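Reading through the structure tokens given below for one structure.
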Amino acid sequence: MKKYSPKAQTGRRFYGHGIPGVNPEELVGRLIAVEGADGSGRSTQIAQLVSWLETRGHPTVQVGLKRSTLVSAELETAQEGNILSRTTLALFYATDFADQLENIILPALRAGFIVLADRYIYTLMARDMVRGMNQAWLKNLYGVALEPDGVFYLSVEPGELVQRNLAKSATLDYWESGMDLGLSPDLFDSFLAYQTRMQEAFRQLQKSYEFEIIDANQPVAAVSKELRKKITVLLNGD
């Protein structure tokens, strides 16, 4: 398992070509990504991390999917029709990410902030892989991405995800159920099949990107304790 250390001191880098004119060594803050499906407890954990970090004197900035002022509204509208092709969907999300990277993540890191990403490129890549996109193409597309200091994937079994999502909103999301893939005409069955494939994609990505997998089937407090312990090590540079 990869041991994360402060990139500003040991060679912070982009995954690929990066952004022209940006010197990674000037990005003295910390970038931490929390990955996981809807229902994994990801947003709850991030909210708790923000409070925990800021009470310890660490200013934080948050980013996440569909938060770009450039394309988030258009992406939301486009998804409502449930007719986006896999390539259009991929490029929409890549644009959303790139805009936040350039205008929020990099300036915040340059100023010494901790940036907490409510999902990063790994969710986007996993979604695209499940939809049959070429992995080499995806690695090139996200070569613009900065390598985080720490990445934590909250893994929850699909059956548990179903129950959590239904308890929260009494329904399942079309895209999070992979209904565009034709896995099953039944939303419930499609969700299980899609999330199983997403977990497989994340395990495949973990071999290349070496992020940490956390068992999020356990209680919220236990997950929070594990995250804080790992992030404390990361911030101390141990």
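Chain labels run A, B, ... following the order of the structure tokens; each chain numbers its residues from 1, and ligands are numbered from 1 in the order shown.
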| said: To test your reading of the structure, identify every residue in chain A that backbone DSSP assigns to helix (DSSP H, G or I), and report it as an MDAnalysis selection string. | reply: chainID A and resid 7:10 24:26 42:55 72:80 86:110 121:130 135:144 158:169 179:181 187:209 220:236
Restricting it to C-alpha atoms, dump the selection as a compact mmCIF listing (two decimals), in the first residue's frame.
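Generated output (result11.txt):
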# COMPACT_ATOMS: atom_id res chain seq x y z
CA LYS A 7 4.00 16.23 -2.22
CA ALA A 8 5.26 19.81 -1.90
CA GLN A 9 8.38 18.43 -0.22
CA THR A 10 8.83 15.11 -2.02
CA PRO A 24 3.51 21.79 -8.59
CA GLU A 25 6.17 22.63 -6.01
CA GLU A 26 4.37 25.92 -5.31
CA ARG A 42 -19.00 10.13 1.89
CA SER A 43 -20.68 13.52 2.29
CA THR A 44 -21.26 12.94 6.02
CA GLN A 45 -17.61 12.10 6.53
CA ILE A 46 -16.43 15.15 4.60
CA ALA A 47 -18.68 17.46 6.62
CA GLN A 48 -17.21 16.02 9.83
CA LEU A 49 -13.68 16.32 8.47
CA VAL A 50 -14.20 20.01 7.67
CA SER A 51 -15.26 20.71 11.26
CA TRP A 52 -12.44 18.59 12.69
CA LEU A 53 -9.75 20.18 10.51
CA GLU A 54 -10.87 23.76 10.98
CA THR A 55 -11.06 23.46 14.77
CA SER A 72 -22.59 22.22 -13.75
CA ALA A 73 -26.02 23.68 -14.56
CA GLU A 74 -25.84 22.50 -18.16
CA LEU A 75 -24.75 19.02 -17.06
CA GLU A 76 -27.60 18.79 -14.57
CA THR A 77 -30.10 19.77 -17.26
CA ALA A 78 -28.61 17.36 -19.81
CA GLN A 79 -28.83 14.44 -17.37
CA GLU A 80 -32.50 15.04 -16.74
CA ARG A 86 -21.16 7.87 -22.81
CA THR A 87 -18.62 10.14 -24.55
CA THR A 88 -20.68 13.29 -24.02
CA LEU A 89 -21.20 12.35 -20.37
CA ALA A 90 -17.47 11.75 -19.90
CA LEU A 91 -16.48 15.05 -21.50
CA PHE A 92 -19.08 16.99 -19.51
CA TYR A 93 -17.68 15.68 -16.22
CA ALA A 94 -14.08 16.15 -17.35
CA THR A 95 -14.83 19.80 -18.13
CA ASP A 96 -16.52 20.23 -14.76
CA PHE A 97 -13.43 18.78 -13.06
CA ALA A 98 -10.89 20.78 -15.07
CA ASP A 99 -12.66 24.06 -14.34
CA GLN A 100 -12.64 23.40 -10.58
CA LEU A 101 -9.02 22.26 -10.73
CA GLU A 102 -7.84 25.45 -12.38
CA ASN A 103 -10.05 27.93 -10.55
CA ILE A 104 -10.51 26.43 -7.07
CA ILE A 105 -8.13 23.56 -6.29
CA LEU A 106 -4.86 25.02 -7.53
CA PRO A 107 -5.36 28.53 -6.06
CA ALA A 108 -6.38 27.04 -2.71
CA LEU A 109 -3.35 24.74 -2.61
CA ARG A 110 -1.08 27.59 -3.59
CA ILE A 121 -11.22 11.63 -10.98
CA TYR A 122 -11.46 8.01 -9.80
CA THR A 123 -15.25 8.02 -9.67
CA LEU A 124 -15.34 9.58 -13.12
CA MET A 125 -12.92 7.03 -14.53
CA ALA A 126 -14.75 4.11 -12.89
CA ARG A 127 -18.07 5.27 -14.35
CA ASP A 128 -16.54 5.57 -17.80
CA MET A 129 -14.81 2.19 -17.53
CA VAL A 130 -18.11 0.52 -16.65
CA GLN A 135 -8.67 3.24 -20.29
CA ALA A 136 -5.75 4.76 -22.18
CA TRP A 137 -8.06 7.50 -23.43
CA LEU A 138 -9.28 8.12 -19.88
CA LYS A 139 -5.75 8.33 -18.46
CA ASN A 140 -4.89 10.90 -21.10
CA LEU A 141 -8.11 12.83 -20.48
CA TYR A 142 -7.36 13.06 -16.76
CA GLY A 143 -3.64 13.65 -17.24
CA VAL A 144 -4.52 17.21 -16.26
CA PRO A 158 -24.27 -2.90 -3.12
CA GLY A 159 -27.05 -4.45 -1.05
CA GLU A 160 -26.32 -2.07 1.80
CA LEU A 161 -26.13 0.87 -0.63
CA VAL A 162 -29.63 0.08 -1.87
CA GLN A 163 -31.05 0.17 1.63
CA ARG A 164 -29.28 3.41 2.52
CA ASN A 165 -30.42 5.19 -0.64
CA LEU A 166 -34.01 4.05 -0.27
CA ALA A 167 -34.02 5.09 3.38
CA LYS A 168 -32.73 8.53 2.44
CA SER A 169 -34.87 9.38 -0.59
CA MET A 179 -30.06 2.41 -16.27
CA ASP A 180 -28.46 3.81 -19.42
CA LEU A 181 -26.51 0.54 -19.76
CA LEU A 187 -34.31 -0.10 -11.30
CA PHE A 188 -33.50 -2.10 -8.17
CA ASP A 189 -31.77 -4.94 -10.03
CA SER A 190 -29.95 -2.49 -12.30
CA PHE A 191 -28.63 -0.59 -9.26
CA LEU A 192 -27.20 -3.77 -7.75
CA ALA A 193 -25.58 -4.83 -11.02
CA TYR A 194 -24.18 -1.38 -11.73
CA GLN A 195 -22.76 -0.81 -8.26
CA THR A 196 -21.16 -4.26 -8.35
CA ARG A 197 -19.43 -3.27 -11.59
CA MET A 198 -18.40 0.06 -10.05
CA GLN A 199 -16.75 -1.74 -7.15
CA GLU A 200 -14.85 -3.93 -9.59
CA ALA A 201 -13.72 -0.84 -11.51
CA PHE A 202 -12.49 0.80 -8.30
CA ARG A 203 -10.53 -2.31 -7.35
CA GLN A 204 -8.94 -2.21 -10.79
CA LEU A 205 -8.09 1.48 -10.43
CA GLN A 206 -6.66 0.89 -6.97
CA LYS A 207 -3.96 -1.30 -8.48
CA SER A 208 -2.77 1.63 -10.61
CA TYR A 209 -3.41 4.59 -8.33
CA VAL A 220 -20.18 6.21 10.87
CA ALA A 221 -18.13 6.82 14.02
CA ALA A 222 -15.77 3.95 13.20
CA VAL A 223 -15.22 5.22 9.65
CA SER A 224 -14.65 8.76 10.96
CA LYS A 225 -12.08 7.53 13.48
CA GLU A 226 -10.18 5.64 10.78
CA LEU A 227 -10.18 8.62 8.42
CA ARG A 228 -8.95 11.02 11.11
CA LYS A 229 -6.14 8.67 12.07
CA LYS A 230 -4.94 8.34 8.48
CA ILE A 231 -5.24 12.06 7.75
CA THR A 232 -3.35 12.94 10.94
CA VAL A 233 -0.45 10.82 9.69
CA LEU A 234 -0.68 12.49 6.29
CA LEU A 235 -0.60 16.01 7.72
CA ASN A 236 2.28 15.19 10.04
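Between atom CA of Gly29 of chain A and atom CA of Phe113 of chain A the separation is 4.9 Å.
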From a backbone DSSP assignment, name each residue in segment 89-213 of chain A labelled strand (DSSP E or B), as a short mmCIF file (atom, residue, chain, number, x, y, z; two decimals) with C-alpha atoms, in the first residue's frame.
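Writing done, so here's out-v3.cif:
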data_model
loop_
_atom_site.label_atom_id
_atom_site.label_comp_id
_atom_site.auth_asym_id
_atom_site.auth_seq_id
_atom_site.Cartn_x
_atom_site.Cartn_y
_atom_site.Cartn_z
CA ILE A 114 -6.51 21.84 2.65
CA VAL A 115 -8.76 20.92 -0.27
CA LEU A 116 -11.33 18.21 0.44
CA ALA A 117 -12.69 16.63 -2.73
CA ASP A 118 -16.11 15.01 -2.46
CA LEU A 146 -3.04 16.73 -9.76
CA GLY A 150 -4.41 11.11 0.14
CA VAL A 151 -7.32 9.24 -1.45
CA PHE A 152 -9.80 7.22 0.58
CA TYR A 153 -12.43 5.05 -1.08
CA LEU A 154 -15.40 4.26 1.16
CA SER A 155 -16.44 0.78 0.09
CA GLU A 212 -6.71 3.39 0.34
CA ILE A 213 -9.91 1.37 0.64
#
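Atom to atom, atom CA of Arg131 of chain A and atom CA of Ser85 of chain A stand 9.9 Å apart.
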| request: Kindly give the distance, in Å, that separates atom CA of Ala33 of chain A and atom CA of Val61 of chain A, rounded to a single decimal. | output: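 The value is 11.8 Å.
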| task | Considering only C-alpha atoms, state which residue in the set A:Thr69, A:Ala111, A:Leu172, A:Tyr15 is at the smallest distance from Val28 of chain A. | result | A:Ala111
